[in-house]
Amino acid sequence: MPRINLNADLGEGYGPWTMGDDAAMLAIVNSANIACGGHAGDPDVMRLTLRLAQEHGVSIGAHPSYPDLRNFGRRAMSLTPAELENQLAAQIGALVGIAALEGMRVSHVKPHGALNNQACVDRKLAETICATIRAIDPALILLAPAASQLVAAGHAAGLAVVEEIFADRAYLPDGQLVPRSRPDAMIHGAETCLAHVRAMLDAGALVAIDGTRIPTAIGSICVHGDSPDAVAVARRLCDGLKHAGLSLATVPELAGGQ
């Protein structure tokens, strides 16, 4: 039976500020990308999210970003390679350390926001990210946007790579996400998101807003945990994927089968 992963970006609160319904999402998804201090997340939020993930058998990944709490990591920044290496090491290391307190292991890394978007088209940036991940732990899996430079750099660096598509984001004809500044960037509603995902899975390709198809491997589907209808979308995707004959798996289970 073909396998697919359902993941969500979680742990994106900070101090008294909360974001999304992590408890509900972790009862549905297979893997969680946990904010680790760059765009959101603090040690207490990280540990609570880890405990919830452990309760549900959800695999965990670090979700590092540019150091940009004010803009939730969605502002493009220009860091030197050394500055970016330091940020990635500090953020991934923070989650690895807190996970160890719970007897858990961080299995993958998925860059967040502007860092992720820039690395999709900037090969040098992507190479810095992948080299840093490999230096921290070559067993870490890279969860990266399908058909991107980040995927190519991950393979070149010798990392295990799982390619993901977004259930709730629209694509441009070049395979990049429609910018959030545009009204057509987000896809709303559980049924619409499921149809968007099914179209890409059936085509084996990214399907852009103008119908352009970019052939790609698809291993994982992301639902953004900060979306108002995230829980409903995740639940419908889970049911719909199973109904389509797909078996849901964690990121390490998926990578292990590649």
# chains A, B, ... in the order shown; residues from 1 in each chain; ligands from 1
$ residues_around --residues "Ala99 in chain A" --least-positions-apart "2" --cutoff "12 Å" --atoms "only C-alpha atoms" --output "number ranges by chain"
A: 34, 36, 43-54, 59-62, 92-97, 101-107
$ residues_around --residues "Asp122 in chain A" --least-positions-apart "2" --cutoff "12 Å" --atoms "only C-alpha atoms" --output "PDB file with N, CA and C atoms, in the first residue's frame"
ATOM      1  N   SER A  78      19.131  38.682   5.226  1.00  0.00           N
ATOM      2  CA  SER A  78      20.397  38.372   4.585  1.00  0.00           C
ATOM      3  C   SER A  78      21.433  38.136   5.672  1.00  0.00           C
ATOM      4  N   ALA A 114      10.317  32.428   5.564  1.00  0.00           N
ATOM      5  CA  ALA A 114      11.146  33.068   4.548  1.00  0.00           C
ATOM      6  C   ALA A 114      12.425  32.295   4.281  1.00  0.00           C
ATOM      7  N   LEU A 115      12.990  31.687   5.306  1.00  0.00           N
ATOM      8  CA  LEU A 115      14.206  30.885   5.116  1.00  0.00           C
ATOM      9  C   LEU A 115      13.921  29.726   4.174  1.00  0.00           C
ATOM     10  N   ASN A 116      12.817  29.048   4.388  1.00  0.00           N
ATOM     11  CA  ASN A 116      12.424  27.928   3.538  1.00  0.00           C
ATOM     12  C   ASN A 116      12.158  28.399   2.114  1.00  0.00           C
ATOM     13  N   ASN A 117      11.412  29.490   1.983  1.00  0.00           N
ATOM     14  CA  ASN A 117      11.066  29.999   0.659  1.00  0.00           C
ATOM     15  C   ASN A 117      12.300  30.422  -0.130  1.00  0.00           C
ATOM     16  N   GLN A 118      13.227  31.112   0.529  1.00  0.00           N
ATOM     17  CA  GLN A 118      14.435  31.551  -0.161  1.00  0.00           C
ATOM     18  C   GLN A 118      15.303  30.368  -0.568  1.00  0.00           C
ATOM     19  N   ALA A 119      15.379  29.362   0.304  1.00  0.00           N
ATOM     20  CA  ALA A 119      16.212  28.194   0.007  1.00  0.00           C
ATOM     21  C   ALA A 119      15.653  27.371  -1.143  1.00  0.00           C
ATOM     22  N   CYS A 120      14.386  27.564  -1.464  1.00  0.00           N
ATOM     23  CA  CYS A 120      13.783  26.840  -2.587  1.00  0.00           C
ATOM     24  C   CYS A 120      14.363  27.290  -3.929  1.00  0.00           C
ATOM     25  N   LYS A 124      22.862  28.289  -3.145  1.00  0.00           N
ATOM     26  CA  LYS A 124      23.917  28.501  -2.149  1.00  0.00           C
ATOM     27  C   LYS A 124      23.340  28.493  -0.737  1.00  0.00           C
ATOM     28  N   LEU A 125      22.226  29.160  -0.548  1.00  0.00           N
ATOM     29  CA  LEU A 125      21.564  29.163   0.756  1.00  0.00           C
ATOM     30  C   LEU A 125      21.138  27.749   1.130  1.00  0.00           C
ATOM     31  N   ALA A 126      20.564  27.045   0.170  1.00  0.00           N
ATOM     32  CA  ALA A 126      20.134  25.671   0.418  1.00  0.00           C
ATOM     33  C   ALA A 126      21.316  24.789   0.815  1.00  0.00           C
ATOM     34  N   GLU A 127      22.446  24.992   0.166  1.00  0.00           N
ATOM     35  CA  GLU A 127      23.632  24.192   0.483  1.00  0.00           C
ATOM     36  C   GLU A 127      24.138  24.477   1.893  1.00  0.00           C
ATOM     37  N   THR A 128      24.073  25.736   2.316  1.00  0.00           N
ATOM     38  CA  THR A 128      24.487  26.074   3.677  1.00  0.00           C
ATOM     39  C   THR A 128      23.588  25.391   4.693  1.00  0.00           C
ATOM     40  N   ILE A 129      22.292  25.418   4.442  1.00  0.00           N
ATOM     41  CA  ILE A 129      21.336  24.759   5.346  1.00  0.00           C
ATOM     42  C   ILE A 129      21.637  23.264   5.437  1.00  0.00           C
ATOM     43  N   SER A 148      12.253  21.612  -5.353  1.00  0.00           N
ATOM     44  CA  SER A 148      12.970  22.846  -4.991  1.00  0.00           C
ATOM     45  C   SER A 148      14.473  22.640  -5.005  1.00  0.00           C
ATOM     46  N   GLN A 149      15.210  23.761  -4.977  1.00  0.00           N
ATOM     47  CA  GLN A 149      16.654  23.703  -4.847  1.00  0.00           C
ATOM     48  C   GLN A 149      17.063  23.097  -3.503  1.00  0.00           C
ATOM     49  N   LEU A 150      16.216  23.262  -2.493  1.00  0.00           N
ATOM     50  CA  LEU A 150      16.518  22.696  -1.187  1.00  0.00           C
ATOM     51  C   LEU A 150      16.523  21.172  -1.258  1.00  0.00           C
ATOM     52  N   VAL A 151      15.605  20.602  -2.001  1.00  0.00           N
ATOM     53  CA  VAL A 151      15.589  19.146  -2.201  1.00  0.00           C
ATOM     54  C   VAL A 151      16.864  18.704  -2.900  1.00  0.00           C
ATOM     55  N   ALA A 152      17.238  19.400  -3.976  1.00  0.00           N
ATOM     56  CA  ALA A 152      18.433  19.042  -4.734  1.00  0.00           C
ATOM     57  C   ALA A 152      19.684  19.141  -3.867  1.00  0.00           C
ATOM     58  N   ALA A 153      19.777  20.199  -3.063  1.00  0.00           N
ATOM     59  CA  ALA A 153      20.936  20.379  -2.188  1.00  0.00           C
ATOM     60  C   ALA A 153      20.979  19.300  -1.111  1.00  0.00           C
TER      61      ALA A 153
END
$ closest_residue --among "A:Gly73, A:Pro173, A:Gly225, A:Gly20" --to "Arg213 in chain A" --atoms "only C-alpha atoms"
A:Pro173
$ closest_residue --among "A:Ser31, A:Ala147, A:Gly256, A:His243" --to "Thr216 in chain A" --atoms "only C-alpha atoms"
A:Ala147
$ atom_distance --atom1 "CA of Asp226 in chain A" --atom2 "CA of Gly11 in chain A"
9.9 Å
$ residues_around --residues "Ser247 in chain A" --least-positions-apart "3" --cutoff "8 Å" --atoms "only C-alpha atoms" --output "number ranges by chain"
A: 1-4, 241-242
$ write_last_selection --atoms "N, CA and C atoms" --output "mmCIF file, in the first residue's frame"
data_model
loop_
_atom_site.group_PDB
_atom_site.id
_atom_site.type_symbol
_atom_site.label_atom_id
_atom_site.label_comp_id
_atom_site.auth_asym_id
_atom_site.auth_seq_id
_atom_site.Cartn_x
_atom_site.Cartn_y
_atom_site.Cartn_z
ATOM 1 N N MET A 1 0.851 -1.196 0.000
ATOM 2 C CA MET A 1 0.000 0.000 0.000
ATOM 3 C C MET A 1 0.891 1.252 0.000
ATOM 4 N N PRO A 2 0.665 2.187 -0.927
ATOM 5 C CA PRO A 2 1.476 3.410 -0.965
ATOM 6 C C PRO A 2 1.366 4.173 0.352
ATOM 7 N N ARG A 3 2.478 4.815 0.733
ATOM 8 C CA ARG A 3 2.504 5.534 2.005
ATOM 9 C C ARG A 3 2.675 7.034 1.785
ATOM 10 N N ILE A 4 2.125 7.808 2.700
ATOM 11 C CA ILE A 4 2.223 9.266 2.662
ATOM 12 C C ILE A 4 2.309 9.760 4.103
ATOM 13 N N LEU A 241 -7.214 10.659 2.564
ATOM 14 C CA LEU A 241 -6.047 9.912 2.094
ATOM 15 C C LEU A 241 -6.213 8.422 2.342
ATOM 16 N N LYS A 242 -6.749 8.086 3.513
ATOM 17 C CA LYS A 242 -6.993 6.673 3.810
ATOM 18 C C LYS A 242 -8.029 6.099 2.851
#
$ select_by_dssp --residues "range 33-119 of chain A" --states "strand (DSSP E or B)" --output "PyMOL selection string"
chain A and resi 33-35+59-63+106-109
$ atom_distance --atom1 "CA of Val161 in chain A" --atom2 "CA of Ser181 in chain A"
29.3 Å
$ select_by_dssp --residues "range 25-246 of chain A" --states "alpha helix (DSSP H)" --output "PyMOL selection string"
chain A and resi 25-26+43-55+81-101+113-119+123-136+149-156+190-203+230-243
$ atom_distance --atom1 "CA of Gly38 in chain A" --atom2 "CA of Gln91 in chain A"
6.9 Å
